[in-house]
$ cat my_file-v6.cif   # mmCIF, N, CA and C atoms
data_input
#
loop_
_atom_site.label_atom_id
_atom_site.label_comp_id
_atom_site.auth_asym_id
_atom_site.auth_seq_id
_atom_site.Cartn_x
_atom_site.Cartn_y
_atom_site.Cartn_z
N MET O 1 146.01 59.36 -34.43
CA MET O 1 144.96 58.68 -33.69
C MET O 1 144.89 57.20 -34.06
N LYS O 2 145.40 56.84 -35.22
CA LYS O 2 145.34 55.44 -35.61
C LYS O 2 146.08 54.57 -34.59
N SER O 3 147.15 55.10 -34.03
CA SER O 3 147.90 54.31 -33.06
C SER O 3 147.08 54.04 -31.81
N ILE O 4 146.21 54.96 -31.42
CA ILE O 4 145.33 54.74 -30.27
C ILE O 4 144.38 53.59 -30.59
N LYS O 5 143.78 53.62 -31.80
CA LYS O 5 142.88 52.53 -32.20
C LYS O 5 143.63 51.20 -32.21
N GLU O 6 144.87 51.21 -32.69
CA GLU O 6 145.66 49.98 -32.72
C GLU O 6 145.92 49.48 -31.29
N GLU O 7 146.26 50.40 -30.40
CA GLU O 7 146.48 50.00 -29.00
C GLU O 7 145.22 49.45 -28.37
N LEU O 8 144.08 50.09 -28.62
CA LEU O 8 142.82 49.61 -28.09
C LEU O 8 142.48 48.23 -28.65
N TYR O 9 142.70 48.06 -29.95
CA TYR O 9 142.43 46.79 -30.61
C TYR O 9 143.31 45.68 -30.02
N HIS O 10 144.58 45.98 -29.86
CA HIS O 10 145.51 44.98 -29.31
C HIS O 10 145.19 44.67 -27.85
N HIS O 11 144.75 45.67 -27.11
CA HIS O 11 144.34 45.43 -25.73
C HIS O 11 143.16 44.46 -25.71
N CYS O 12 142.19 44.67 -26.59
CA CYS O 12 141.03 43.78 -26.66
C CYS O 12 141.45 42.36 -27.05
N GLN O 13 142.37 42.25 -28.01
CA GLN O 13 142.87 40.93 -28.40
C GLN O 13 143.52 40.23 -27.21
N GLN O 14 144.35 40.97 -26.47
CA GLN O 14 145.03 40.38 -25.32
C GLN O 14 144.03 40.01 -24.22
N PHE O 15 143.02 40.84 -24.03
CA PHE O 15 141.97 40.59 -23.05
C PHE O 15 141.30 39.23 -23.34
N VAL O 16 140.96 39.00 -24.60
CA VAL O 16 140.30 37.74 -24.98
C VAL O 16 141.28 36.58 -24.90
N GLN O 17 142.51 36.79 -25.35
CA GLN O 17 143.49 35.69 -25.33
C GLN O 17 143.77 35.25 -23.89
N ASP O 18 143.89 36.20 -22.97
CA ASP O 18 144.09 35.86 -21.56
C ASP O 18 142.91 35.03 -21.04
N ARG O 19 141.73 35.40 -21.43
CA ARG O 19 140.53 34.67 -21.02
C ARG O 19 140.55 33.24 -21.57
N VAL O 20 140.88 33.10 -22.86
CA VAL O 20 140.97 31.78 -23.48
C VAL O 20 142.01 30.93 -22.77
N ASP O 21 143.17 31.52 -22.49
CA ASP O 21 144.25 30.77 -21.82
C ASP O 21 143.81 30.28 -20.44
N ARG O 22 143.13 31.14 -19.68
CA ARG O 22 142.66 30.74 -18.34
C ARG O 22 141.65 29.60 -18.42
N ILE O 23 140.73 29.70 -19.36
CA ILE O 23 139.70 28.66 -19.50
C ILE O 23 140.33 27.35 -19.95
N GLU O 24 141.24 27.42 -20.92
CA GLU O 24 141.90 26.20 -21.40
C GLU O 24 142.68 25.53 -20.28
N GLN O 25 143.35 26.32 -19.45
CA GLN O 25 144.09 25.76 -18.32
C GLN O 25 143.14 25.10 -17.32
N ARG O 26 141.99 25.73 -17.10
CA ARG O 26 140.99 25.15 -16.19
C ARG O 26 140.50 23.81 -16.74
N ILE O 27 140.27 23.74 -18.05
CA ILE O 27 139.82 22.49 -18.66
C ILE O 27 140.89 21.40 -18.50
N ILE O 28 142.14 21.76 -18.70
CA ILE O 28 143.24 20.80 -18.52
C ILE O 28 143.27 20.30 -17.08
N ASN O 29 143.13 21.22 -16.12
CA ASN O 29 143.14 20.83 -14.71
C ASN O 29 141.97 19.90 -14.37
N ILE O 30 140.81 20.19 -14.91
CA ILE O 30 139.64 19.35 -14.67
C ILE O 30 139.87 17.96 -15.27
N GLN O 31 140.41 17.94 -16.49
CA GLN O 31 140.67 16.66 -17.16
C GLN O 31 141.66 15.82 -16.35
N GLU O 32 142.70 16.48 -15.82
CA GLU O 32 143.67 15.77 -14.98
C GLU O 32 143.01 15.24 -13.72
N SER O 33 142.13 16.03 -13.13
CA SER O 33 141.42 15.59 -11.93
C SER O 33 140.53 14.39 -12.24
N LEU O 34 139.86 14.43 -13.39
CA LEU O 34 139.01 13.31 -13.78
C LEU O 34 139.84 12.05 -14.00
N SER O 35 140.99 12.21 -14.61
CA SER O 35 141.86 11.07 -14.90
C SER O 35 142.46 10.48 -13.63
N SER O 36 142.73 11.33 -12.65
CA SER O 36 143.39 10.85 -11.44
C SER O 36 142.42 10.37 -10.36
N GLU O 37 141.11 10.60 -10.57
CA GLU O 37 140.12 10.12 -9.61
C GLU O 37 140.22 8.60 -9.53
N THR O 38 140.40 8.09 -8.35
CA THR O 38 140.46 6.64 -8.18
C THR O 38 139.19 6.17 -7.49
N LYS O 39 138.81 4.97 -7.81
CA LYS O 39 137.61 4.39 -7.19
C LYS O 39 137.89 4.14 -5.72
N SER O 40 137.07 4.74 -4.88
CA SER O 40 137.26 4.56 -3.45
C SER O 40 136.18 3.65 -2.90
N THR O 41 136.26 3.34 -1.62
CA THR O 41 135.24 2.50 -1.00
C THR O 41 133.93 3.25 -0.91
N ALA O 42 134.00 4.55 -0.89
CA ALA O 42 132.77 5.37 -0.87
C ALA O 42 132.38 5.63 -2.32
N GLY O 43 131.76 4.66 -2.95
CA GLY O 43 131.42 4.73 -4.37
C GLY O 43 130.57 5.92 -4.74
N ASP O 44 129.54 6.23 -3.93
CA ASP O 44 128.67 7.36 -4.23
C ASP O 44 129.44 8.67 -4.21
N LYS O 45 130.35 8.80 -3.26
CA LYS O 45 131.14 10.02 -3.14
C LYS O 45 132.02 10.19 -4.39
N HIS O 46 132.58 9.08 -4.84
CA HIS O 46 133.43 9.09 -6.04
C HIS O 46 132.62 9.52 -7.26
N GLU O 47 131.45 8.92 -7.44
CA GLU O 47 130.61 9.25 -8.59
C GLU O 47 130.14 10.70 -8.54
N THR O 48 129.81 11.20 -7.35
CA THR O 48 129.39 12.59 -7.20
C THR O 48 130.53 13.53 -7.58
N GLY O 49 131.73 13.20 -7.14
CA GLY O 49 132.91 14.01 -7.48
C GLY O 49 133.16 14.05 -8.97
N ARG O 50 133.05 12.91 -9.63
CA ARG O 50 133.23 12.84 -11.09
C ARG O 50 132.15 13.65 -11.80
N ALA O 51 130.91 13.53 -11.33
CA ALA O 51 129.81 14.27 -11.95
C ALA O 51 130.03 15.77 -11.83
N MET O 52 130.49 16.20 -10.67
CA MET O 52 130.76 17.63 -10.46
C MET O 52 131.87 18.10 -11.40
N LEU O 53 132.90 17.31 -11.55
CA LEU O 53 134.00 17.67 -12.45
C LEU O 53 133.53 17.74 -13.90
N GLN O 54 132.68 16.80 -14.27
CA GLN O 54 132.16 16.80 -15.64
C GLN O 54 131.27 18.02 -15.90
N LEU O 55 130.48 18.40 -14.92
CA LEU O 55 129.66 19.61 -15.04
C LEU O 55 130.55 20.85 -15.18
N GLU O 56 131.60 20.88 -14.39
CA GLU O 56 132.54 22.00 -14.45
C GLU O 56 133.23 22.06 -15.81
N ARG O 57 133.55 20.88 -16.35
CA ARG O 57 134.19 20.82 -17.67
C ARG O 57 133.23 21.34 -18.75
N GLU O 58 131.95 20.97 -18.67
CA GLU O 58 130.95 21.46 -19.63
C GLU O 58 130.81 22.98 -19.54
N LYS O 59 130.75 23.48 -18.32
CA LYS O 59 130.64 24.93 -18.11
C LYS O 59 131.85 25.65 -18.70
N SER O 60 133.02 25.11 -18.47
CA SER O 60 134.25 25.71 -19.01
C SER O 60 134.25 25.64 -20.53
N GLY O 61 133.72 24.57 -21.09
CA GLY O 61 133.63 24.44 -22.54
C GLY O 61 132.75 25.51 -23.15
N LYS O 62 131.64 25.81 -22.49
CA LYS O 62 130.74 26.88 -22.96
C LYS O 62 131.43 28.24 -22.87
N GLN O 63 132.16 28.46 -21.78
CA GLN O 63 132.89 29.72 -21.62
C GLN O 63 133.96 29.87 -22.70
N LEU O 64 134.62 28.76 -23.03
CA LEU O 64 135.63 28.78 -24.09
C LEU O 64 135.00 29.12 -25.43
N ALA O 65 133.83 28.57 -25.72
CA ALA O 65 133.14 28.86 -26.97
C ALA O 65 132.76 30.35 -27.05
N GLU O 66 132.32 30.92 -25.93
CA GLU O 66 131.99 32.35 -25.89
C GLU O 66 133.22 33.21 -26.14
N ALA O 67 134.34 32.83 -25.54
CA ALA O 67 135.58 33.59 -25.74
C ALA O 67 136.05 33.48 -27.18
N GLN O 68 135.87 32.32 -27.79
CA GLN O 68 136.26 32.16 -29.19
C GLN O 68 135.37 32.98 -30.11
N LYS O 69 134.11 33.18 -29.74
CA LYS O 69 133.22 34.07 -30.51
C LYS O 69 133.74 35.50 -30.45
N LEU O 70 134.25 35.90 -29.28
CA LEU O 70 134.83 37.24 -29.17
C LEU O 70 136.04 37.38 -30.08
N GLN O 71 136.85 36.33 -30.18
CA GLN O 71 138.00 36.36 -31.09
C GLN O 71 137.53 36.52 -32.54
N GLU O 72 136.42 35.85 -32.88
CA GLU O 72 135.88 35.96 -34.24
C GLU O 72 135.40 37.38 -34.51
N ILE O 73 134.76 37.99 -33.53
CA ILE O 73 134.30 39.38 -33.68
C ILE O 73 135.50 40.30 -33.91
N LEU O 74 136.53 40.12 -33.10
CA LEU O 74 137.73 40.95 -33.25
C LEU O 74 138.38 40.76 -34.62
N ALA O 75 138.35 39.54 -35.14
CA ALA O 75 138.95 39.27 -36.44
C ALA O 75 138.21 40.01 -37.56
N LYS O 76 136.94 40.33 -37.37
CA LYS O 76 136.14 41.03 -38.38
C LYS O 76 136.33 42.55 -38.34
N ILE O 77 136.96 43.05 -37.28
CA ILE O 77 137.09 44.50 -37.12
C ILE O 77 138.18 45.05 -38.01
N ASP O 78 137.82 46.12 -38.73
CA ASP O 78 138.78 46.84 -39.57
C ASP O 78 138.99 48.21 -38.95
N ILE O 79 140.17 48.41 -38.33
CA ILE O 79 140.43 49.69 -37.68
C ILE O 79 141.12 50.68 -38.62
N SER O 80 141.48 50.23 -39.82
CA SER O 80 142.24 51.10 -40.72
C SER O 80 141.35 51.92 -41.65
N THR O 81 140.11 51.50 -41.88
CA THR O 81 139.23 52.21 -42.79
C THR O 81 138.35 53.19 -42.03
N PRO O 82 138.51 54.49 -42.30
CA PRO O 82 137.67 55.47 -41.61
C PRO O 82 136.21 55.40 -42.08
N SER O 83 135.32 55.83 -41.22
CA SER O 83 133.89 55.83 -41.54
C SER O 83 133.25 57.05 -40.90
N LYS O 84 132.25 57.60 -41.57
CA LYS O 84 131.53 58.73 -41.00
C LYS O 84 130.45 58.26 -40.04
N HIS O 85 130.12 56.98 -40.11
CA HIS O 85 129.11 56.38 -39.23
C HIS O 85 129.80 55.49 -38.20
N ALA O 86 129.28 55.49 -36.99
CA ALA O 86 129.82 54.62 -35.94
C ALA O 86 129.54 53.17 -36.33
N ARG O 87 130.60 52.37 -36.35
CA ARG O 87 130.50 50.96 -36.72
C ARG O 87 131.53 50.18 -35.92
N LEU O 88 131.52 48.88 -36.07
CA LEU O 88 132.49 48.03 -35.39
C LEU O 88 133.90 48.51 -35.76
N GLY O 89 134.71 48.81 -34.76
CA GLY O 89 136.06 49.31 -34.99
C GLY O 89 136.18 50.82 -34.88
N SER O 90 135.06 51.51 -34.72
CA SER O 90 135.09 52.98 -34.62
C SER O 90 135.52 53.42 -33.22
N LEU O 91 136.23 54.52 -33.19
CA LEU O 91 136.57 55.21 -31.95
C LEU O 91 135.65 56.43 -31.92
N ILE O 92 134.76 56.47 -30.92
CA ILE O 92 133.69 57.47 -30.89
C ILE O 92 133.89 58.40 -29.69
N PHE O 93 134.12 59.66 -30.00
CA PHE O 93 134.29 60.67 -28.96
C PHE O 93 132.94 61.33 -28.72
N THR O 94 132.46 61.26 -27.49
CA THR O 94 131.18 61.90 -27.16
C THR O 94 131.43 62.98 -26.12
N SER O 95 130.41 63.70 -25.79
CA SER O 95 130.54 64.76 -24.78
C SER O 95 130.75 64.17 -23.38
N GLN O 96 130.48 62.88 -23.20
CA GLN O 96 130.62 62.24 -21.88
C GLN O 96 131.83 61.32 -21.77
N ALA O 97 132.13 60.57 -22.84
CA ALA O 97 133.21 59.57 -22.78
C ALA O 97 133.66 59.24 -24.19
N THR O 98 134.71 58.42 -24.28
CA THR O 98 135.21 57.96 -25.57
C THR O 98 135.07 56.45 -25.62
N TYR O 99 134.45 55.96 -26.68
CA TYR O 99 134.14 54.54 -26.80
C TYR O 99 134.84 53.92 -28.00
N PHE O 100 135.32 52.70 -27.80
CA PHE O 100 135.86 51.88 -28.88
C PHE O 100 134.85 50.77 -29.12
N LEU O 101 134.16 50.81 -30.25
CA LEU O 101 133.10 49.86 -30.56
C LEU O 101 133.73 48.56 -31.05
N SER O 102 133.78 47.57 -30.16
CA SER O 102 134.45 46.31 -30.48
C SER O 102 133.84 45.16 -29.68
N ILE O 103 134.43 44.87 -28.52
CA ILE O 103 133.91 43.87 -27.59
C ILE O 103 133.85 44.53 -26.21
N SER O 104 133.12 43.93 -25.32
CA SER O 104 133.06 44.47 -23.96
C SER O 104 134.32 44.08 -23.20
N ALA O 105 135.26 45.01 -23.14
CA ALA O 105 136.52 44.76 -22.44
C ALA O 105 136.73 45.79 -21.33
N GLY O 106 135.74 46.65 -21.12
CA GLY O 106 135.82 47.60 -20.01
C GLY O 106 136.65 48.83 -20.30
N LYS O 107 137.07 49.45 -19.22
CA LYS O 107 137.83 50.70 -19.28
C LYS O 107 139.30 50.40 -19.60
N ILE O 108 139.84 51.14 -20.57
CA ILE O 108 141.23 51.00 -20.97
C ILE O 108 141.85 52.39 -20.89
N VAL O 109 142.94 52.51 -20.17
CA VAL O 109 143.61 53.80 -20.03
C VAL O 109 144.88 53.79 -20.88
N ILE O 110 144.96 54.76 -21.80
CA ILE O 110 146.14 54.92 -22.65
C ILE O 110 146.55 56.38 -22.57
N ASN O 111 147.79 56.63 -22.22
CA ASN O 111 148.31 58.00 -22.09
C ASN O 111 147.43 58.86 -21.18
N ASN O 112 147.02 58.31 -20.06
CA ASN O 112 146.20 58.98 -19.07
C ASN O 112 144.81 59.37 -19.57
N THR O 113 144.37 58.76 -20.66
CA THR O 113 143.03 59.00 -21.19
C THR O 113 142.25 57.70 -21.11
N ALA O 114 141.03 57.80 -20.61
CA ALA O 114 140.17 56.61 -20.46
C ALA O 114 139.34 56.39 -21.72
N TYR O 115 139.35 55.15 -22.17
CA TYR O 115 138.52 54.72 -23.30
C TYR O 115 137.70 53.53 -22.80
N PHE O 116 136.52 53.36 -23.37
CA PHE O 116 135.68 52.24 -22.97
C PHE O 116 135.46 51.33 -24.17
N ALA O 117 135.96 50.10 -24.07
CA ALA O 117 135.74 49.11 -25.13
C ALA O 117 134.37 48.49 -24.88
N ILE O 118 133.47 48.71 -25.84
CA ILE O 118 132.09 48.25 -25.68
C ILE O 118 131.69 47.39 -26.89
N ALA O 119 130.78 46.48 -26.65
CA ALA O 119 130.27 45.63 -27.72
C ALA O 119 129.14 46.34 -28.46
N ALA O 120 128.98 45.99 -29.72
CA ALA O 120 127.92 46.59 -30.53
C ALA O 120 126.55 46.20 -30.01
N ASN O 121 126.44 45.06 -29.34
CA ASN O 121 125.14 44.62 -28.83
C ASN O 121 124.89 45.03 -27.38
N SER O 122 125.79 45.84 -26.82
CA SER O 122 125.57 46.37 -25.47
C SER O 122 124.58 47.53 -25.56
N PRO O 123 123.95 47.91 -24.45
CA PRO O 123 122.98 49.02 -24.51
C PRO O 123 123.57 50.30 -25.12
N ILE O 124 124.75 50.71 -24.70
CA ILE O 124 125.35 51.93 -25.26
C ILE O 124 125.82 51.69 -26.70
N GLY O 125 126.30 50.49 -26.97
CA GLY O 125 126.73 50.15 -28.33
C GLY O 125 125.58 50.25 -29.32
N LYS O 126 124.41 49.75 -28.93
CA LYS O 126 123.23 49.83 -29.79
C LYS O 126 122.84 51.27 -30.07
N LEU O 127 123.00 52.13 -29.06
CA LEU O 127 122.67 53.55 -29.25
C LEU O 127 123.66 54.23 -30.20
N LEU O 128 124.93 53.85 -30.13
CA LEU O 128 125.96 54.51 -30.93
C LEU O 128 126.03 54.00 -32.37
N LEU O 129 125.73 52.74 -32.57
CA LEU O 129 125.85 52.12 -33.89
C LEU O 129 125.08 52.90 -34.95
N GLY O 130 125.78 53.29 -36.01
CA GLY O 130 125.15 54.00 -37.12
C GLY O 130 125.06 55.51 -36.95
N LYS O 131 125.40 56.03 -35.77
CA LYS O 131 125.32 57.47 -35.52
C LYS O 131 126.46 58.19 -36.26
N THR O 132 126.27 59.49 -36.48
CA THR O 132 127.29 60.31 -37.12
C THR O 132 127.63 61.49 -36.22
N ILE O 133 128.66 62.23 -36.60
CA ILE O 133 129.08 63.40 -35.83
C ILE O 133 127.92 64.38 -35.72
N GLY O 134 127.69 64.87 -34.50
CA GLY O 134 126.61 65.81 -34.25
C GLY O 134 125.33 65.16 -33.75
N ASP O 135 125.21 63.85 -33.91
CA ASP O 135 124.02 63.15 -33.41
C ASP O 135 123.99 63.17 -31.89
N HIS O 136 122.79 63.15 -31.35
CA HIS O 136 122.59 63.12 -29.89
C HIS O 136 121.97 61.80 -29.49
N PHE O 137 122.25 61.37 -28.27
CA PHE O 137 121.62 60.17 -27.73
C PHE O 137 121.50 60.32 -26.22
N ASN O 138 120.58 59.56 -25.65
CA ASN O 138 120.33 59.62 -24.22
C ASN O 138 120.64 58.25 -23.62
N PHE O 139 121.56 58.22 -22.65
CA PHE O 139 121.91 56.97 -22.00
C PHE O 139 121.98 57.21 -20.49
N ASN O 140 121.29 56.37 -19.73
CA ASN O 140 121.23 56.52 -18.27
C ASN O 140 120.82 57.94 -17.86
N GLU O 141 119.80 58.43 -18.55
CA GLU O 141 119.24 59.75 -18.27
C GLU O 141 120.26 60.89 -18.45
N THR O 142 121.28 60.65 -19.25
CA THR O 142 122.27 61.67 -19.57
C THR O 142 122.28 61.87 -21.08
N ASN O 143 122.09 63.11 -21.51
CA ASN O 143 122.10 63.42 -22.93
C ASN O 143 123.54 63.66 -23.37
N SER O 144 123.95 63.02 -24.45
CA SER O 144 125.30 63.15 -24.97
C SER O 144 125.25 63.43 -26.47
N SER O 145 126.32 63.99 -26.97
CA SER O 145 126.41 64.20 -28.42
C SER O 145 127.73 63.61 -28.92
N ILE O 146 127.72 63.24 -30.18
CA ILE O 146 128.93 62.67 -30.79
C ILE O 146 129.74 63.79 -31.38
N LYS O 147 130.99 63.89 -30.92
CA LYS O 147 131.87 64.98 -31.34
C LYS O 147 132.79 64.56 -32.50
N GLU O 148 133.22 63.30 -32.49
CA GLU O 148 134.15 62.85 -33.51
C GLU O 148 134.08 61.34 -33.61
N ILE O 149 134.28 60.83 -34.83
CA ILE O 149 134.34 59.38 -35.08
C ILE O 149 135.59 59.09 -35.89
N LEU O 150 136.41 58.20 -35.37
CA LEU O 150 137.62 57.78 -36.12
C LEU O 150 137.55 56.30 -36.39
#

$ encode --input "my_file-v6.cif" --output "structure tokens"
Amino acid sequence: MKSIKEELYHHCQQFVQDRVDRIEQRIINIQESLSSETKSTAGDKHETGRAMLQLEREKSGKQLAEAQKLQEILAKIDISTPSKHARLGSLIFTSQATYFLSISAGKIVINNTAYFAIAANSPIGKLLLGKTIGDHFNFNETNSSIKEIL
């Protein structure tokens, strides 16, 4: 099962890295657009265009910072040390689904089995954090129990 956790972990790393790469490319494109903007006879139109690009650059900068926080969270995850309690890096098998407590990366299918990468601060993550095998929890009006934690 350790290999499944490794695959899930690497999928999450790739998910964040792809996001960082897209945002960085967007910032480069915006910077190039700002640099290539030439002063036209329609001065107000030019200034409005520059202002819009600068706002877009700020927005992309914030998104990049959020993605880098996800990378920091992933760097703190230890998938090699087993735990009896659900914690960051745990693979949690419940009666309804299987969750990888890490970052919100959505549904991941490995060997025709669906796993859900969820953040510890997500609604389901908060319910699972600290639980042990046999514990029950209620999410979206569905009662579930924890069958196994790896």

$ closest_residue --input "my_file-v6.cif" --among "O:Glu24, O:Ile108, O:Leu127, O:Ala114" --to "Lys62 (chain O)" --atoms "only C-alpha atoms"
O:Glu24

$ resolve_selection --input "my_file-v6.cif" --expression "the PyMOL selection byres ((chain O and resi 96) around 8)" --output "ChimeraX atom specification"
/O:93-95,97-99,143-147

$ closest_residue --input "my_file-v6.cif" --among "O:Asn111, O:Ile103, O:Leu8, O:Arg87" --to "Thr132 (chain O)" --atoms "only C-alpha atoms"
O:Arg87

$ atom_distance --input "my_file-v6.cif" --atom1 "atom C of Ser104 (chain O)" --atom2 "CA of Glu72 (chain O)"
13.8 Å

$ resolve_selection --input "my_file-v6.cif" --expression "the PyMOL selection byres ((chain O and resi 79) around 8)" --output "PyMOL selection string"
chain O and resi 2+5-6+9+76-78+80-82+88-91+150

$ resolve_selection --input "my_file-v6.cif" --expression "the PyMOL selection byres ((chain O and resi 130) around 5)" --output "MDAnalysis selection string"
chainID O and resid 85:87 128:129 131:132

$ select_by_dssp --input "my_file-v6.cif" --residues "chain O" --states "strand (DSSP E)" --output "MDAnalysis selection string"
chainID O and resid 91:94 98:102 106:110 113:119 136:139 142:149

$ write_last_selection --input "my_file-v6.cif" --atoms "N, CA and C atoms" --output "JSON list (two decimals), in the frame of the given file"
[["chain", "number", "residue", "atom", "x", "y", "z"],
["O", 91, "LEU", "N", 136.23, 54.52, -33.19],
["O", 91, "LEU", "CA", 136.57, 55.21, -31.95],
["O", 91, "LEU", "C", 135.65, 56.43, -31.92],
["O", 92, "ILE", "N", 134.76, 56.47, -30.92],
["O", 92, "ILE", "CA", 133.69, 57.47, -30.89],
["O", 92, "ILE", "C", 133.89, 58.40, -29.69],
["O", 93, "PHE", "N", 134.12, 59.66, -30.00],
["O", 93, "PHE", "CA", 134.29, 60.67, -28.96],
["O", 93, "PHE", "C", 132.94, 61.33, -28.72],
["O", 94, "THR", "N", 132.46, 61.26, -27.49],
["O", 94, "THR", "CA", 131.18, 61.90, -27.16],
["O", 94, "THR", "C", 131.43, 62.98, -26.12],
["O", 98, "THR", "N", 134.71, 58.42, -24.28],
["O", 98, "THR", "CA", 135.21, 57.96, -25.57],
["O", 98, "THR", "C", 135.07, 56.45, -25.62],
["O", 99, "TYR", "N", 134.45, 55.96, -26.68],
["O", 99, "TYR", "CA", 134.14, 54.54, -26.80],
["O", 99, "TYR", "C", 134.84, 53.92, -28.00],
["O", 100, "PHE", "N", 135.32, 52.70, -27.80],
["O", 100, "PHE", "CA", 135.86, 51.88, -28.88],
["O", 100, "PHE", "C", 134.85, 50.77, -29.12],
["O", 101, "LEU", "N", 134.16, 50.81, -30.25],
["O", 101, "LEU", "CA", 133.10, 49.86, -30.56],
["O", 101, "LEU", "C", 133.73, 48.56, -31.05],
["O", 102, "SER", "N", 133.78, 47.57, -30.16],
["O", 102, "SER", "CA", 134.45, 46.31, -30.48],
["O", 102, "SER", "C", 133.84, 45.16, -29.68],
["O", 106, "GLY", "N", 135.74, 46.65, -21.12],
["O", 106, "GLY", "CA", 135.82, 47.60, -20.01],
["O", 106, "GLY", "C", 136.65, 48.83, -20.30],
["O", 107, "LYS", "N", 137.07, 49.45, -19.22],
["O", 107, "LYS", "CA", 137.83, 50.70, -19.28],
["O", 107, "LYS", "C", 139.30, 50.40, -19.60],
["O", 108, "ILE", "N", 139.84, 51.14, -20.57],
["O", 108, "ILE", "CA", 141.23, 51.00, -20.97],
["O", 108, "ILE", "C", 141.85, 52.39, -20.89],
["O", 109, "VAL", "N", 142.94, 52.51, -20.17],
["O", 109, "VAL", "CA", 143.61, 53.80, -20.03],
["O", 109, "VAL", "C", 144.88, 53.79, -20.88],
["O", 110, "ILE", "N", 144.96, 54.76, -21.80],
["O", 110, "ILE", "CA", 146.14, 54.92, -22.65],
["O", 110, "ILE", "C", 146.55, 56.38, -22.57],
["O", 113, "THR", "N", 144.37, 58.76, -20.66],
["O", 113, "THR", "CA", 143.03, 59.00, -21.19],
["O", 113, "THR", "C", 142.25, 57.70, -21.11],
["O", 114, "ALA", "N", 141.03, 57.80, -20.61],
["O", 114, "ALA", "CA", 140.17, 56.61, -20.46],
["O", 114, "ALA", "C", 139.34, 56.39, -21.72],
["O", 115, "TYR", "N", 139.35, 55.15, -22.17],
["O", 115, "TYR", "CA", 138.52, 54.72, -23.30],
["O", 115, "TYR", "C", 137.70, 53.53, -22.80],
["O", 116, "PHE", "N", 136.52, 53.36, -23.37],
["O", 116, "PHE", "CA", 135.68, 52.24, -22.97],
["O", 116, "PHE", "C", 135.46, 51.33, -24.17],
["O", 117, "ALA", "N", 135.96, 50.10, -24.07],
["O", 117, "ALA", "CA", 135.74, 49.11, -25.13],
["O", 117, "ALA", "C", 134.37, 48.49, -24.88],
["O", 118, "ILE", "N", 133.47, 48.71, -25.84],
["O", 118, "ILE", "CA", 132.09, 48.25, -25.68],
["O", 118, "ILE", "C", 131.69, 47.39, -26.89],
["O", 119, "ALA", "N", 130.78, 46.48, -26.65],
["O", 119, "ALA", "CA", 130.27, 45.63, -27.72],
["O", 119, "ALA", "C", 129.14, 46.34, -28.46],
["O", 136, "HIS", "N", 122.79, 63.15, -31.35],
["O", 136, "HIS", "CA", 122.59, 63.12, -29.89],
["O", 136, "HIS", "C", 121.97, 61.80, -29.49],
["O", 137, "PHE", "N", 122.25, 61.37, -28.27],
["O", 137, "PHE", "CA", 121.62, 60.17, -27.73],
["O", 137, "PHE", "C", 121.50, 60.32, -26.22],
["O", 138, "ASN", "N", 120.58, 59.56, -25.65],
["O", 138, "ASN", "CA", 120.33, 59.62, -24.22],
["O", 138, "ASN", "C", 120.64, 58.25, -23.62],
["O", 139, "PHE", "N", 121.56, 58.22, -22.65],
["O", 139, "PHE", "CA", 121.91, 56.97, -22.00],
["O", 139, "PHE", "C", 121.98, 57.21, -20.49],
["O", 142, "THR", "N", 121.28, 60.65, -19.25],
["O", 142, "THR", "CA", 122.27, 61.67, -19.57],
["O", 142, "THR", "C", 122.28, 61.87, -21.08],
["O", 143, "ASN", "N", 122.09, 63.11, -21.51],
["O", 143, "ASN", "CA", 122.10, 63.42, -22.93],
["O", 143, "ASN", "C", 123.54, 63.66, -23.37],
["O", 144, "SER", "N", 123.95, 63.02, -24.45],
["O", 144, "SER", "CA", 125.30, 63.15, -24.97],
["O", 144, "SER", "C", 125.25, 63.43, -26.47],
["O", 145, "SER", "N", 126.32, 63.99, -26.97],
["O", 145, "SER", "CA", 126.41, 64.20, -28.42],
["O", 145, "SER", "C", 127.73, 63.61, -28.92],
["O", 146, "ILE", "N", 127.72, 63.24, -30.18],
["O", 146, "ILE", "CA", 128.93, 62.67, -30.79],
["O", 146, "ILE", "C", 129.74, 63.79, -31.38],
["O", 147, "LYS", "N", 130.99, 63.89, -30.92],
["O", 147, "LYS", "CA", 131.87, 64.98, -31.34],
["O", 147, "LYS", "C", 132.79, 64.56, -32.50],
["O", 148, "GLU", "N", 133.22, 63.30, -32.49],
["O", 148, "GLU", "CA", 134.15, 62.85, -33.51],
["O", 148, "GLU", "C", 134.08, 61.34, -33.61],
["O", 149, "ILE", "N", 134.28, 60.83, -34.83],
["O", 149, "ILE", "CA", 134.34, 59.38, -35.08],
["O", 149, "ILE", "C", 135.59, 59.09, -35.89]]

$ residues_around --input "my_file-v6.cif" --residues "Gln63 (chain O)" --least-positions-apart "5" --cutoff "7 Å" --atoms "only N, CA and C atoms" --output "PyMOL selection string"
chain O and resi 23+58+68

$ residues_around --input "my_file-v6.cif" --residues "region 12-17 of chain O" --least-positions-apart "5" --cutoff "7 Å" --atoms "all atoms listed in the file" --output "ChimeraX atom specification"
/O:7,22,67,70-71,103,105

$ closest_residue --input "my_file-v6.cif" --among "O:Phe137, O:Leu64, O:His10, O:Glu47" --to "Phe100 (chain O)" --atoms "only C-alpha atoms"
O:His10

$ atom_distance --input "my_file-v6.cif" --atom1 "atom N of Leu74 (chain O)" --atom2 "atom C of Thr113 (chain O)"
22.0 Å

$ atom_distance --input "my_file-v6.cif" --atom1 "CA of Ile149 (chain O)" --atom2 "CA of Lys84 (chain O)"
6.6 Å

$ axis_aligned_box --input "my_file-v6.cif" --around "region 64-70 of chain O" --padding-each-side "4 Å" --output "AutoDock Vina command-line options"
--center_x 134.1 --center_y 33.0 --center_z -26.8 --size_x 12.3 --size_y 16.8 --size_z 15.5

$ closest_residue --input "my_file-v6.cif" --among "O:Ala51, O:Phe139, O:Ala119, O:Glu148" --to "Ile73 (chain O)" --atoms "only C-alpha atoms"
O:Ala119

$ closest_residue --input "my_file-v6.cif" --among "O:Ser60, O:His11, O:Ile4, O:Gly49" --to "Ile27 (chain O)" --atoms "all atoms listed in the file"
O:Ser60
